[in-house]
Amino acid sequence: MPSLLGDPTLSRPPYSNNKSQPNSFPLRVLPSSMAPNLADDDGEENALLQTQLDEAKSGEEEEERAYEVKEKIVVRISGEEEEDDDGSGADPAFSWRKLWLFTGPGFLMSIAFLDPGNLEGDLQAGAIAGDSLLWLLLWATVMGLLIQMLSVRVGVATGRHLAELCREEYPTWARLVLWFMAEIAMIGADIQEVIGSAIAFKILSRGLLPLWAGVVITAVDCFIFLFLENYGVRKLEAVFAVLIGTMAFSFAWMFGETKPSGRELLLGILIPKLGSKTIRQAVGVVGCVIMPHNVFLHSALVQSRNIDPNKEVRVREALRYYSIESSIALFVSFMINLFVTTVFAKGFYGTKEANSIGLENAGQYLQEKFGGGLFPILYIWGIGLLAAGQSSTITGTYAGQFIMGGFLNLRLKKWIRSLITRSFAIVPTIIVALFFDTSDSALDVLNEWLNVLQSIQIPFALIPLLTLVSQEQVMGVFKIGRTIQVVTWTVASLLITINGYLLFDFFSSEARGVLFGSIVSVVIALYTTFIAYLIFRGGELSAWLLSAIGKRFS
């Protein structure tokens, strides 16, 4: 996606709205214990290091940061030539070792494409629509990659993540509304993820553990995994690599056991097909791609690498490696989603069970359909679902830290923010588990409401992202051009429209009575008004459109 990487002929650094804060941390900041890894000029560099650490410390006392300087990973390799003082110059040659150092944030981001809510959308799409929506799954993943690369661009080029930039960009009332909406989206996603883990524990324990017990276990082990971050970002990234590998192995095993038709799979990917009976599943496939908290998360995760946003060559290099890494990560997530969809298409497309399959009973249906084999497919499904639930729950908590810290500029220790974020979700999740652990249909109803809740929040992540990434005073030379603006706003409009259809379909079937209908109408009016405010407030493309419309009718 070369057009997203910026014009190499320009050199003006990005601009920060916050005059009291340094805009970035230099690329080569390291703890003194690691300085020998850098090569030659150790004495001078160590002296400079101490000055930089002192400056960063004084700045961080005033403002929240995603990562402290000492936590960041250095991506400079030994023997690499220095760029010019202003950060300009030729891009360094491609290095597999450096790609490895950049690998991590994209895979954490890809977890949102593999959470239990997505898996339920996959299995229902496969059972009801067969392989006919695989093409849509592919292009939805491509759209998701485009949005996530804009999130990366914001984080790398400014040295700040999306929540921090929203705090500076919008007035207090709008910022608080955006924060509240992001927290609501987080809670909705977290309930689905924790319930998914709890269902997996119930499956693997043969029903001995009720849902509420699985919720409690998930809450506790989430903190255990996050504790690994104290030993370095790479340790936490390694845990996620294991969990993604577990998902890939489990669902690939299921794919091999069930032996779906290769011909039907290829036709489903290559030939677009959409019927009136599968529109709802199609909407679900696309709607699951953009998770509001994931847009905020990715812009923060990329700051775990020590990149100086004032050095253009380093920013271009980071964007290039992150593009490759994120593409690989989302290809892996696409394959895992494809495995799940095709397995359920093979087993249940056109059967009477197709409309009644959900996360909780999916394993049992698979067991009855395909039998035990070398290892019972019920437990393979349970292991894959557990890995999906655990990994997405941890990233959800991680995202909650960045969202709360960025919007509110809270100077709290990470474990305190984790506790607050986790409490927001765990308390309602335990209530949900006790109330809905009665039947599969009750959980399906809950899942529909949670999908609607998250669909409502999508504009409040996408619109600020597209607005900020288009502003030269925020992005400097790395602002996106007019063509990319048109493409990304078109994709965003498509996603918002698709989710709008989901909302309309849901509320039209659920709205009963004049009072409820009136309340929904008022809420929708306020909702659309705020979206309009976000769109037409300061965006370059929106200003251009307004100007064009004015000239057309003048």
# chains A, B, ... in the order shown; residues from 1 in each chain; ligands from 1
>>> residues_around(residues="Val343 of chain A", least_positions_apart="5", cutoff="10 Å", atoms="only C-alpha atoms", output="NGL selection string")
:A and (122-123 or 126-127 or 130-131 or 251-252 or 254-261 or 338 or 348-349 or 366)
>>> closest_atom_pairs(of="segment 469-506 of chain A", to="segment 307-326 of chain A", cutoff="10 Å", atoms="only C-alpha atoms", output="JSON lines")
{"residue": "A:Met475", "atom": "CA", "partner": "A:Pro309", "partner_atom": "CA", "distance": 9.7}
{"residue": "A:Gly476", "atom": "CA", "partner": "A:Asn310", "partner_atom": "CA", "distance": 9.7}
{"residue": "A:Val477", "atom": "CA", "partner": "A:Glu312", "partner_atom": "CA", "distance": 8.5}
{"residue": "A:Phe478", "atom": "CA", "partner": "A:Arg316", "partner_atom": "CA", "distance": 8.8}
>>> write_last_selection(atoms="N, CA, C and O atoms", output="compact mmCIF listing (two decimals), in the first residue's frame")
# COMPACT_ATOMS: atom_id res chain seq x y z
N MET A 475 -0.32 15.79 11.20
CA MET A 475 0.47 14.73 10.57
C MET A 475 1.71 15.24 9.86
O MET A 475 2.58 14.44 9.51
N GLY A 476 1.82 16.55 9.62
CA GLY A 476 2.95 17.04 8.85
C GLY A 476 2.95 16.48 7.45
O GLY A 476 1.92 16.41 6.79
N VAL A 477 4.11 16.02 6.98
CA VAL A 477 4.22 15.50 5.61
C VAL A 477 3.53 14.15 5.46
O VAL A 477 3.37 13.67 4.33
N PHE A 478 3.13 13.54 6.54
CA PHE A 478 2.53 12.21 6.48
C PHE A 478 1.01 12.23 6.46
O PHE A 478 0.37 11.20 6.64
>>> atom_distance(atom1="atom CA of Arg76 of chain A", atom2="atom CA of Ser327 of chain A")
22.2 Å
>>> select_by_dssp(residues="segment 223-442 of chain A", states="helix (DSSP H, G or I)", output="PyMOL selection string")
chain A and resi 223-231+233-258+262-270+276-287+292-304+312-348+354-356+359-370+377-408+414-436+440-442
>>> closest_atom_pairs(of="segment 388-434 of chain A", to="segment 163-187 of chain A", cutoff="12 Å", atoms="only C-alpha atoms", output="Markdown table")
| residue | atom | partner | partner_atom | distance |
| --- | --- | --- | --- | --- |
| A:Ser392 | CA | A:Met186 | CA | 11.2 |
| A:Thr393 | CA | A:Met186 | CA | 10.2 |
| A:Ile394 | CA | A:Met186 | CA | 11.9 |
| A:Thr395 | CA | A:Met186 | CA | 10.5 |
| A:Gly396 | CA | A:Met186 | CA | 6.9 |
| A:Thr397 | CA | A:Met186 | CA | 8.5 |
| A:Tyr398 | CA | A:Met186 | CA | 10.6 |
| A:Ala399 | CA | A:Met186 | CA | 8.2 |
| A:Gly400 | CA | A:Met186 | CA | 6.9 |
| A:Gln401 | CA | A:Glu183 | CA | 10.5 |
| A:Phe402 | CA | A:Ala163 | CA | 7.3 |
| A:Ile403 | CA | A:Ala163 | CA | 5.7 |
| A:Met404 | CA | A:Trp179 | CA | 7.4 |
| A:Gly405 | CA | A:Glu164 | CA | 8.0 |
| A:Gly406 | CA | A:Glu164 | CA | 4.3 |
| A:Phe407 | CA | A:Ala163 | CA | 5.2 |
| A:Leu408 | CA | A:Arg167 | CA | 7.5 |
| A:Asn409 | CA | A:Glu164 | CA | 7.8 |
| A:Leu410 | CA | A:Glu164 | CA | 11.0 |
| A:Ile420 | CA | A:Glu183 | CA | 11.4 |
| A:Thr421 | CA | A:Glu183 | CA | 8.7 |
| A:Arg422 | CA | A:Ile187 | CA | 9.0 |
| A:Ser423 | CA | A:Ile187 | CA | 9.7 |
| A:Phe424 | CA | A:Ile187 | CA | 6.7 |
| A:Ala425 | CA | A:Ile187 | CA | 5.1 |
| A:Ile426 | CA | A:Ile187 | CA | 8.7 |
| A:Val427 | CA | A:Ile187 | CA | 10.1 |
| A:Pro428 | CA | A:Ile187 | CA | 8.5 |
| A:Thr429 | CA | A:Ile187 | CA | 8.8 |
>>> write_last_selection(atoms="N, CA, C and O atoms", output="mmCIF file, in the first residue's frame")
data_model
loop_
_atom_site.group_PDB
_atom_site.id
_atom_site.type_symbol
_atom_site.label_atom_id
_atom_site.label_comp_id
_atom_site.auth_asym_id
_atom_site.auth_seq_id
_atom_site.Cartn_x
_atom_site.Cartn_y
_atom_site.Cartn_z
ATOM 1 N N SER A 392 -8.380 -12.137 23.173
ATOM 2 C CA SER A 392 -9.162 -10.918 22.936
ATOM 3 C C SER A 392 -9.492 -10.208 24.246
ATOM 4 O O SER A 392 -9.585 -8.976 24.286
ATOM 5 N N THR A 393 -9.650 -10.962 25.324
ATOM 6 C CA THR A 393 -9.903 -10.335 26.623
ATOM 7 C C THR A 393 -8.690 -9.531 27.090
ATOM 8 O O THR A 393 -8.828 -8.418 27.615
ATOM 9 N N ILE A 394 -7.495 -10.088 26.876
ATOM 10 C CA ILE A 394 -6.281 -9.381 27.286
ATOM 11 C C ILE A 394 -6.098 -8.115 26.451
ATOM 12 O O ILE A 394 -5.799 -7.039 26.983
ATOM 13 N N THR A 395 -6.280 -8.212 25.127
ATOM 14 C CA THR A 395 -6.128 -7.018 24.295
ATOM 15 C C THR A 395 -7.200 -5.989 24.613
ATOM 16 O O THR A 395 -6.952 -4.784 24.525
ATOM 17 N N GLY A 396 -8.400 -6.461 24.995
ATOM 18 C CA GLY A 396 -9.451 -5.525 25.391
ATOM 19 C C GLY A 396 -9.065 -4.734 26.629
ATOM 20 O O GLY A 396 -9.279 -3.517 26.704
ATOM 21 N N THR A 397 -8.488 -5.418 27.607
ATOM 22 C CA THR A 397 -8.021 -4.731 28.813
ATOM 23 C C THR A 397 -6.886 -3.766 28.478
ATOM 24 O O THR A 397 -6.824 -2.643 28.985
ATOM 25 N N TYR A 398 -6.005 -4.202 27.605
ATOM 26 C CA TYR A 398 -4.893 -3.378 27.152
ATOM 27 C C TYR A 398 -5.415 -2.110 26.482
ATOM 28 O O TYR A 398 -4.956 -1.002 26.757
ATOM 29 N N ALA A 399 -6.394 -2.275 25.582
ATOM 30 C CA ALA A 399 -6.990 -1.124 24.893
ATOM 31 C C ALA A 399 -7.666 -0.186 25.882
ATOM 32 O O ALA A 399 -7.600 1.045 25.743
ATOM 33 N N GLY A 400 -8.328 -0.746 26.896
ATOM 34 C CA GLY A 400 -9.000 0.074 27.899
ATOM 35 C C GLY A 400 -8.034 0.988 28.642
ATOM 36 O O GLY A 400 -8.369 2.135 28.974
ATOM 37 N N GLN A 401 -6.808 0.491 28.892
ATOM 38 C CA GLN A 401 -5.796 1.328 29.547
ATOM 39 C C GLN A 401 -5.471 2.548 28.699
ATOM 40 O O GLN A 401 -5.416 3.677 29.189
ATOM 41 N N PHE A 402 -5.249 2.311 27.408
ATOM 42 C CA PHE A 402 -4.871 3.409 26.518
ATOM 43 C C PHE A 402 -6.015 4.395 26.329
ATOM 44 O O PHE A 402 -5.798 5.611 26.285
ATOM 45 N N ILE A 403 -7.225 3.882 26.199
ATOM 46 C CA ILE A 403 -8.377 4.754 25.982
ATOM 47 C C ILE A 403 -8.610 5.653 27.192
ATOM 48 O O ILE A 403 -8.767 6.873 27.067
ATOM 49 N N MET A 404 -8.609 5.063 28.378
ATOM 50 C CA MET A 404 -8.839 5.845 29.592
ATOM 51 C C MET A 404 -7.698 6.833 29.818
ATOM 52 O O MET A 404 -7.920 8.025 30.084
ATOM 53 N N GLY A 405 -6.465 6.362 29.712
ATOM 54 C CA GLY A 405 -5.328 7.243 29.929
ATOM 55 C C GLY A 405 -5.247 8.355 28.905
ATOM 56 O O GLY A 405 -4.916 9.501 29.231
ATOM 57 N N GLY A 406 -5.548 8.044 27.641
ATOM 58 C CA GLY A 406 -5.441 9.030 26.581
ATOM 59 C C GLY A 406 -6.507 10.103 26.642
ATOM 60 O O GLY A 406 -6.207 11.302 26.558
ATOM 61 N N PHE A 407 -7.756 9.713 26.808
ATOM 62 C CA PHE A 407 -8.852 10.682 26.833
ATOM 63 C C PHE A 407 -8.839 11.534 28.101
ATOM 64 O O PHE A 407 -9.119 12.730 28.059
ATOM 65 N N LEU A 408 -8.526 10.904 29.234
ATOM 66 C CA LEU A 408 -8.638 11.603 30.517
ATOM 67 C C LEU A 408 -7.299 12.069 31.058
ATOM 68 O O LEU A 408 -7.261 12.779 32.065
ATOM 69 N N ASN A 409 -6.198 11.669 30.412
ATOM 70 C CA ASN A 409 -4.857 12.052 30.856
ATOM 71 C C ASN A 409 -4.634 11.688 32.321
ATOM 72 O O ASN A 409 -4.159 12.489 33.126
ATOM 73 N N LEU A 410 -4.982 10.440 32.651
ATOM 74 C CA LEU A 410 -4.840 9.972 34.030
ATOM 75 C C LEU A 410 -3.426 9.471 34.272
ATOM 76 O O LEU A 410 -2.919 8.621 33.540
ATOM 77 N N ILE A 420 -9.377 -1.000 36.970
ATOM 78 C CA ILE A 420 -10.574 -0.199 36.690
ATOM 79 C C ILE A 420 -11.240 -0.678 35.405
ATOM 80 O O ILE A 420 -12.458 -0.907 35.356
ATOM 81 N N THR A 421 -10.433 -0.835 34.340
ATOM 82 C CA THR A 421 -10.966 -1.273 33.046
ATOM 83 C C THR A 421 -11.617 -2.641 33.157
ATOM 84 O O THR A 421 -12.703 -2.879 32.623
ATOM 85 N N ARG A 422 -10.937 -3.559 33.852
ATOM 86 C CA ARG A 422 -11.472 -4.917 34.000
ATOM 87 C C ARG A 422 -12.755 -4.914 34.821
ATOM 88 O O ARG A 422 -13.704 -5.631 34.510
ATOM 89 N N SER A 423 -12.827 -4.070 35.843
ATOM 90 C CA SER A 423 -14.031 -4.013 36.681
ATOM 91 C C SER A 423 -15.236 -3.515 35.891
ATOM 92 O O SER A 423 -16.359 -3.972 36.095
ATOM 93 N N PHE A 424 -14.999 -2.551 34.976
ATOM 94 C CA PHE A 424 -16.085 -2.042 34.148
ATOM 95 C C PHE A 424 -16.790 -3.178 33.411
ATOM 96 O O PHE A 424 -18.004 -3.137 33.203
ATOM 97 N N ALA A 425 -16.009 -4.173 32.988
ATOM 98 C CA ALA A 425 -16.583 -5.254 32.180
ATOM 99 C C ALA A 425 -16.972 -6.475 33.003
ATOM 100 O O ALA A 425 -17.992 -7.109 32.728
ATOM 101 N N ILE A 426 -16.164 -6.817 34.017
ATOM 102 C CA ILE A 426 -16.393 -8.072 34.727
ATOM 103 C C ILE A 426 -17.695 -8.051 35.524
ATOM 104 O O ILE A 426 -18.451 -9.030 35.533
ATOM 105 N N VAL A 427 -17.975 -6.934 36.200
ATOM 106 C CA VAL A 427 -19.198 -6.877 37.015
ATOM 107 C C VAL A 427 -20.444 -7.105 36.165
ATOM 108 O O VAL A 427 -21.259 -7.990 36.466
ATOM 109 N N PRO A 428 -20.633 -6.347 35.054
ATOM 110 C CA PRO A 428 -21.807 -6.643 34.224
ATOM 111 C C PRO A 428 -21.762 -8.023 33.583
ATOM 112 O O PRO A 428 -22.812 -8.644 33.362
ATOM 113 N N THR A 429 -20.544 -8.533 33.315
ATOM 114 C CA THR A 429 -20.440 -9.855 32.681
ATOM 115 C C THR A 429 -20.894 -10.958 33.626
ATOM 116 O O THR A 429 -21.554 -11.922 33.199
#
>>> residues_around(residues="Lys72 of chain A", least_positions_apart="6", cutoff="7 Å", atoms="only C-alpha atoms", output="PyMOL selection string")
chain A and resi 304-306
>>> residues_around(residues="Ile147 of chain A", least_positions_apart="2", cutoff="9 Å", atoms="only C-alpha atoms", output="count of residues only")
16
